[in-house]
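The block underneath contains the structure these notes are about, expressed in C-alpha cells.
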Amino acid sequence: MSIDMGAIKAVRKEADCLFTKAEIDAAIKKIATEITNDLADKNPIVFCVMNGGLIFAGQLLPLLDFPLEISYLHATRYKKETTGGELFWKAKPEVSFIDRDIIIIDDILDEGNTLAAIIQYCQHAGANAVYTTVLLDKEHDRKAIPGFSANYTGLTCPDRFVFGFGMDYKGYWRNAPGIFAVKGL
Ligand SMILES: O=P(O)(O)OC[C@H]1O[C@H](OP(=O)(O)OP(=O)(O)O)[C@H](O)[C@@H]1O
Ligand code: HPA
C-alpha cells in the first residue's frame, strides 16, 4: 500500500498542540524525582516498551542517577491504525524476572490493555514488584480495567488521537517535538 505523504504532512500541520516540549520536559523531570525517591534502592530492571516508549525512556533514564539495568520489550496492538486490536508480542523479554523489581516505561496509557498484559507477564515471570510509568494517560471511560492508571503519570490528555514524543500517527510523527492531537480525531 502506498503512503500519501501529503496527507501525513497535513496531519502534522493541522494538528492541535496539547503539550509543548517544555511542558513535557517538566513532566519527565517530575517523574524522575518521584521514581528516584521511591525506587533508587531497588536495583530495578527498567523496560522500555518499544516502539512508543523509546523517546520517553531516552529522556527519563539519564535523570535516574542510581543503579539500574535497562532492557526492552515490544508488545503492540495498534499496528498503523488509530484503534487498537489484539495484543501481539513482537519481542518478549529475555532476562530473568525472578525476585527483581521491574519498571515499565511506555508512552501512553490509552485503554490500558497493553500495560495490563505487560504487568501480568512480569508477575507470571516471577517479578518481586512491577512499577509502571507513562508519559501520557488518556481520559475516557474505556479503560480495560476501570480506574487503571500507571504508578507514575506525566500528563493527562483528552480523548483524542495523539502523536509526537514516541506516539505515532500511521507510523509517522513519533519524532514530533511535542504532543499533538490529530485534527478531527
Ligand atoms: O493502552 P492501550 O490502548 O493498550 O494502548 C497503548 C499502547 O499503544 C501504543 O503501542 P502500539 O500498539 O501502537 O505499538 P507501537 O508502540 O509499536 O506503535 C502505545 O505505545 C502503547 O504501548
Ligand atoms: O492516541 C494514540 N496515539 C498514538 N498511539 C496510541 N496508542 C494508543 N493510543 C494512541
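In the C-alpha cells, the first chain shown is A, the next is B, and so on; residue numbers restart at 1 for each chain, and ligands run from 1 in the order shown.
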- Every residue of region 76-169 of chain A that DSSP places in strand (DSSP E), as JSON, numbers by chain: {"A": [76, 88, 89, 90, 91, 101, 102, 103, 104, 105, 106, 107, 108, 109, 129, 130, 131, 132, 133, 134, 135, 136, 137, 138, 152, 153, 154, 155, 156, 157, 162, 163]}
- Message: Could you list the protein, DNA and RNA residues that have any atom within 8 Å of ligand 1, counting only C-alpha atoms and all ligand atoms, and write them as an MDAnalysis selection string?
- Response: chainID A and resid 49:53 74:81 83:84 87 106:116 143 166:168 171
Close residues, region 173-178 of chain A itself excluded, 12 Å, only C-alpha atoms, min 6 positions apart in chain, as a PDB file with N, CA and C atoms, in the first residue's frame:
ATOM      1  N   MET A   5       2.086  10.860   1.338  1.00  0.00           N
ATOM      2  CA  MET A   5       2.922  11.699   2.204  1.00  0.00           C
ATOM      3  C   MET A   5       2.353  13.103   2.367  1.00  0.00           C
ATOM      4  N   ILE A   8       0.123  12.803   5.274  1.00  0.00           N
ATOM      5  CA  ILE A   8       0.895  12.680   6.523  1.00  0.00           C
ATOM      6  C   ILE A   8       1.417  14.062   6.950  1.00  0.00           C
ATOM      7  N   LYS A   9       1.904  14.835   5.987  1.00  0.00           N
ATOM      8  CA  LYS A   9       2.404  16.178   6.307  1.00  0.00           C
ATOM      9  C   LYS A   9       1.263  17.093   6.773  1.00  0.00           C
ATOM     10  N   ALA A  10       0.094  16.927   6.146  1.00  0.00           N
ATOM     11  CA  ALA A  10      -1.054  17.771   6.513  1.00  0.00           C
ATOM     12  C   ALA A  10      -1.503  17.493   7.948  1.00  0.00           C
ATOM     13  N   VAL A  11      -1.425  16.232   8.348  1.00  0.00           N
ATOM     14  CA  VAL A  11      -1.823  15.887   9.730  1.00  0.00           C
ATOM     15  C   VAL A  11      -0.975  16.647  10.735  1.00  0.00           C
ATOM     16  N   ARG A  12       0.326  16.708  10.470  1.00  0.00           N
ATOM     17  CA  ARG A  12       1.239  17.432  11.385  1.00  0.00           C
ATOM     18  C   ARG A  12       0.925  18.929  11.387  1.00  0.00           C
ATOM     19  N   LYS A  13       0.680  19.457  10.196  1.00  0.00           N
ATOM     20  CA  LYS A  13       0.455  20.898  10.056  1.00  0.00           C
ATOM     21  C   LYS A  13      -0.850  21.346  10.718  1.00  0.00           C
ATOM     22  N   ALA A  15      -2.539  19.755  13.138  1.00  0.00           N
ATOM     23  CA  ALA A  15      -2.797  19.204  14.478  1.00  0.00           C
ATOM     24  C   ALA A  15      -2.837  20.293  15.550  1.00  0.00           C
ATOM     25  N   ASP A  16      -3.511  19.981  16.637  1.00  0.00           N
ATOM     26  CA  ASP A  16      -3.532  20.880  17.803  1.00  0.00           C
ATOM     27  C   ASP A  16      -2.419  20.463  18.760  1.00  0.00           C
ATOM     28  N   CYS A  17      -1.608  21.425  19.169  1.00  0.00           N
ATOM     29  CA  CYS A  17      -0.566  21.113  20.149  1.00  0.00           C
ATOM     30  C   CYS A  17      -1.205  21.027  21.537  1.00  0.00           C
ATOM     31  N   LEU A  18      -1.103  19.861  22.147  1.00  0.00           N
ATOM     32  CA  LEU A  18      -1.656  19.692  23.507  1.00  0.00           C
ATOM     33  C   LEU A  18      -0.606  20.015  24.567  1.00  0.00           C
ATOM     34  N   PHE A  19       0.659  19.612  24.290  1.00  0.00           N
ATOM     35  CA  PHE A  19       1.737  19.879  25.240  1.00  0.00           C
ATOM     36  C   PHE A  19       3.005  20.235  24.478  1.00  0.00           C
ATOM     37  N   THR A  20       3.644  21.312  24.906  1.00  0.00           N
ATOM     38  CA  THR A  20       4.901  21.730  24.292  1.00  0.00           C
ATOM     39  C   THR A  20       6.057  20.873  24.835  1.00  0.00           C
ATOM     40  N   LYS A  21       7.204  20.977  24.179  1.00  0.00           N
ATOM     41  CA  LYS A  21       8.384  20.237  24.641  1.00  0.00           C
ATOM     42  C   LYS A  21       8.746  20.663  26.063  1.00  0.00           C
ATOM     43  N   ALA A  22       8.619  21.959  26.351  1.00  0.00           N
ATOM     44  CA  ALA A  22       8.967  22.437  27.700  1.00  0.00           C
ATOM     45  C   ALA A  22       8.040  21.814  28.748  1.00  0.00           C
ATOM     46  N   GLU A  23       6.765  21.705  28.436  1.00  0.00           N
ATOM     47  CA  GLU A  23       5.822  21.086  29.388  1.00  0.00           C
ATOM     48  C   GLU A  23       6.130  19.599  29.580  1.00  0.00           C
ATOM     49  N   ILE A  24       6.517  18.955  28.490  1.00  0.00           N
ATOM     50  CA  ILE A  24       6.852  17.522  28.578  1.00  0.00           C
ATOM     51  C   ILE A  24       8.136  17.331  29.386  1.00  0.00           C
ATOM     52  N   ASP A  25       9.129  18.175  29.128  1.00  0.00           N
ATOM     53  CA  ASP A  25      10.392  18.080  29.874  1.00  0.00           C
ATOM     54  C   ASP A  25      10.131  18.214  31.377  1.00  0.00           C
ATOM     55  N   MET A  50       8.820  -0.880  23.382  1.00  0.00           N
ATOM     56  CA  MET A  50       9.010  -0.407  22.012  1.00  0.00           C
ATOM     57  C   MET A  50       7.671  -0.415  21.277  1.00  0.00           C
ATOM     58  N   ASN A  51       7.447   0.402  20.264  1.00  0.00           N
ATOM     59  CA  ASN A  51       8.334   1.481  19.859  1.00  0.00           C
ATOM     60  C   ASN A  51       8.035   2.781  20.607  1.00  0.00           C
ATOM     61  N   GLY A  52       6.806   2.896  21.049  1.00  0.00           N
ATOM     62  CA  GLY A  52       6.344   4.186  21.566  1.00  0.00           C
ATOM     63  C   GLY A  52       7.125   4.714  22.761  1.00  0.00           C
ATOM     64  N   GLY A  53       7.628   3.781  23.607  1.00  0.00           N
ATOM     65  CA  GLY A  53       8.301   4.220  24.830  1.00  0.00           C
ATOM     66  C   GLY A  53       9.692   4.774  24.608  1.00  0.00           C
ATOM     67  N   LEU A  54      10.190   4.656  23.375  1.00  0.00           N
ATOM     68  CA  LEU A  54      11.600   4.944  23.095  1.00  0.00           C
ATOM     69  C   LEU A  54      12.033   6.354  23.493  1.00  0.00           C
ATOM     70  N   ILE A  55      11.267   7.347  23.118  1.00  0.00           N
ATOM     71  CA  ILE A  55      11.712   8.733  23.331  1.00  0.00           C
ATOM     72  C   ILE A  55      11.564   9.130  24.800  1.00  0.00           C
ATOM     73  N   PHE A  56      10.443   8.732  25.402  1.00  0.00           N
ATOM     74  CA  PHE A  56      10.248   8.992  26.840  1.00  0.00           C
ATOM     75  C   PHE A  56      11.353   8.301  27.636  1.00  0.00           C
ATOM     76  N   LYS A  80      -0.663   0.162  12.419  1.00  0.00           N
ATOM     77  CA  LYS A  80      -0.638   1.561  11.936  1.00  0.00           C
ATOM     78  C   LYS A  80      -2.028   2.167  11.956  1.00  0.00           C
ATOM     79  N   ASP A 107       4.858   5.106  26.429  1.00  0.00           N
ATOM     80  CA  ASP A 107       4.464   6.472  26.083  1.00  0.00           C
ATOM     81  C   ASP A 107       3.063   6.812  26.572  1.00  0.00           C
ATOM     82  N   LEU A 135       4.163   8.512  29.928  1.00  0.00           N
ATOM     83  CA  LEU A 135       4.230   9.955  29.723  1.00  0.00           C
ATOM     84  C   LEU A 135       2.832  10.558  29.704  1.00  0.00           C
ATOM     85  N   LEU A 136       1.883   9.803  29.143  1.00  0.00           N
ATOM     86  CA  LEU A 136       0.554  10.364  28.902  1.00  0.00           C
ATOM     87  C   LEU A 136      -0.529   9.346  29.268  1.00  0.00           C
ATOM     88  N   VAL A 162      -3.536  11.056  19.481  1.00  0.00           N
ATOM     89  CA  VAL A 162      -2.383  11.944  19.652  1.00  0.00           C
ATOM     90  C   VAL A 162      -1.131  11.355  18.994  1.00  0.00           C
ATOM     91  N   PHE A 163      -0.182  12.223  18.723  1.00  0.00           N
ATOM     92  CA  PHE A 163       1.117  11.772  18.202  1.00  0.00           C
ATOM     93  C   PHE A 163       2.212  12.689  18.727  1.00  0.00           C
ATOM     94  N   GLY A 164       3.445  12.234  18.534  1.00  0.00           N
ATOM     95  CA  GLY A 164       4.610  13.002  18.984  1.00  0.00           C
ATOM     96  C   GLY A 164       5.227  12.372  20.215  1.00  0.00           C
ATOM     97  N   PHE A 165       6.485  12.689  20.453  1.00  0.00           N
ATOM     98  CA  PHE A 165       7.205  12.169  21.617  1.00  0.00           C
ATOM     99  C   PHE A 165       7.070  10.656  21.749  1.00  0.00           C
ATOM    100  N   GLY A 166       7.199   9.964  20.642  1.00  0.00           N
ATOM    101  CA  GLY A 166       7.140   8.499  20.654  1.00  0.00           C
ATOM    102  C   GLY A 166       5.854   7.944  20.078  1.00  0.00           C
ATOM    103  N   MET A 167       4.780   8.701  20.177  1.00  0.00           N
ATOM    104  CA  MET A 167       3.474   8.201  19.705  1.00  0.00           C
ATOM    105  C   MET A 167       3.312   8.480  18.216  1.00  0.00           C
TER     106      MET A 167
END
- Task: Take atom 9 (N, counted along the ligand's line) of ligand 2 and CA of Ala144 (chain A) and report the distance between them in Å, one decimal.
- Result: 13.0 Å
- Go through A:Lys170, A:Lys92, A:Lys42, A:Lys29 one by one, measure the shortest atom-to-atom distance of each to ligand 2 using only C-alpha atoms and all ligand atoms, and give the residue with the smallest value.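 Of A:Lys170, A:Lys92, A:Lys42, A:Lys29, the one nearest ligand 2 is A:Lys170, counting only C-alpha atoms and all ligand atoms.
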Near region 33-40 of chain A, 8 Å: region 62-148 of chain A residue rows, closest pairs, only C-alpha atoms, as a Markdown table:
| residue | atom | partner | partner_atom | distance |
| --- | --- | --- | --- | --- |
| A:Leu64 | CA | A:Thr36 | CA | 6.2 |
| A:Asp65 | CA | A:Thr36 | CA | 7.7 |
| A:Phe66 | CA | A:Ala40 | CA | 5.7 |
| A:Pro67 | CA | A:Ala40 | CA | 7.3 |
- Message: DSSP on the backbone: which residues in region 30-160 of chain A end up as helix (DSSP H, G or I)? Give the answer as number ranges by chain.
- Response: A: 30-39, 54-63, 113-124
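Proximity ranking of A:Ala32, A:Gly85, A:Ile104, A:Phe148 relative to ligand 2 places A:Gly85 first, based on only C-alpha atoms and all ligand atoms.
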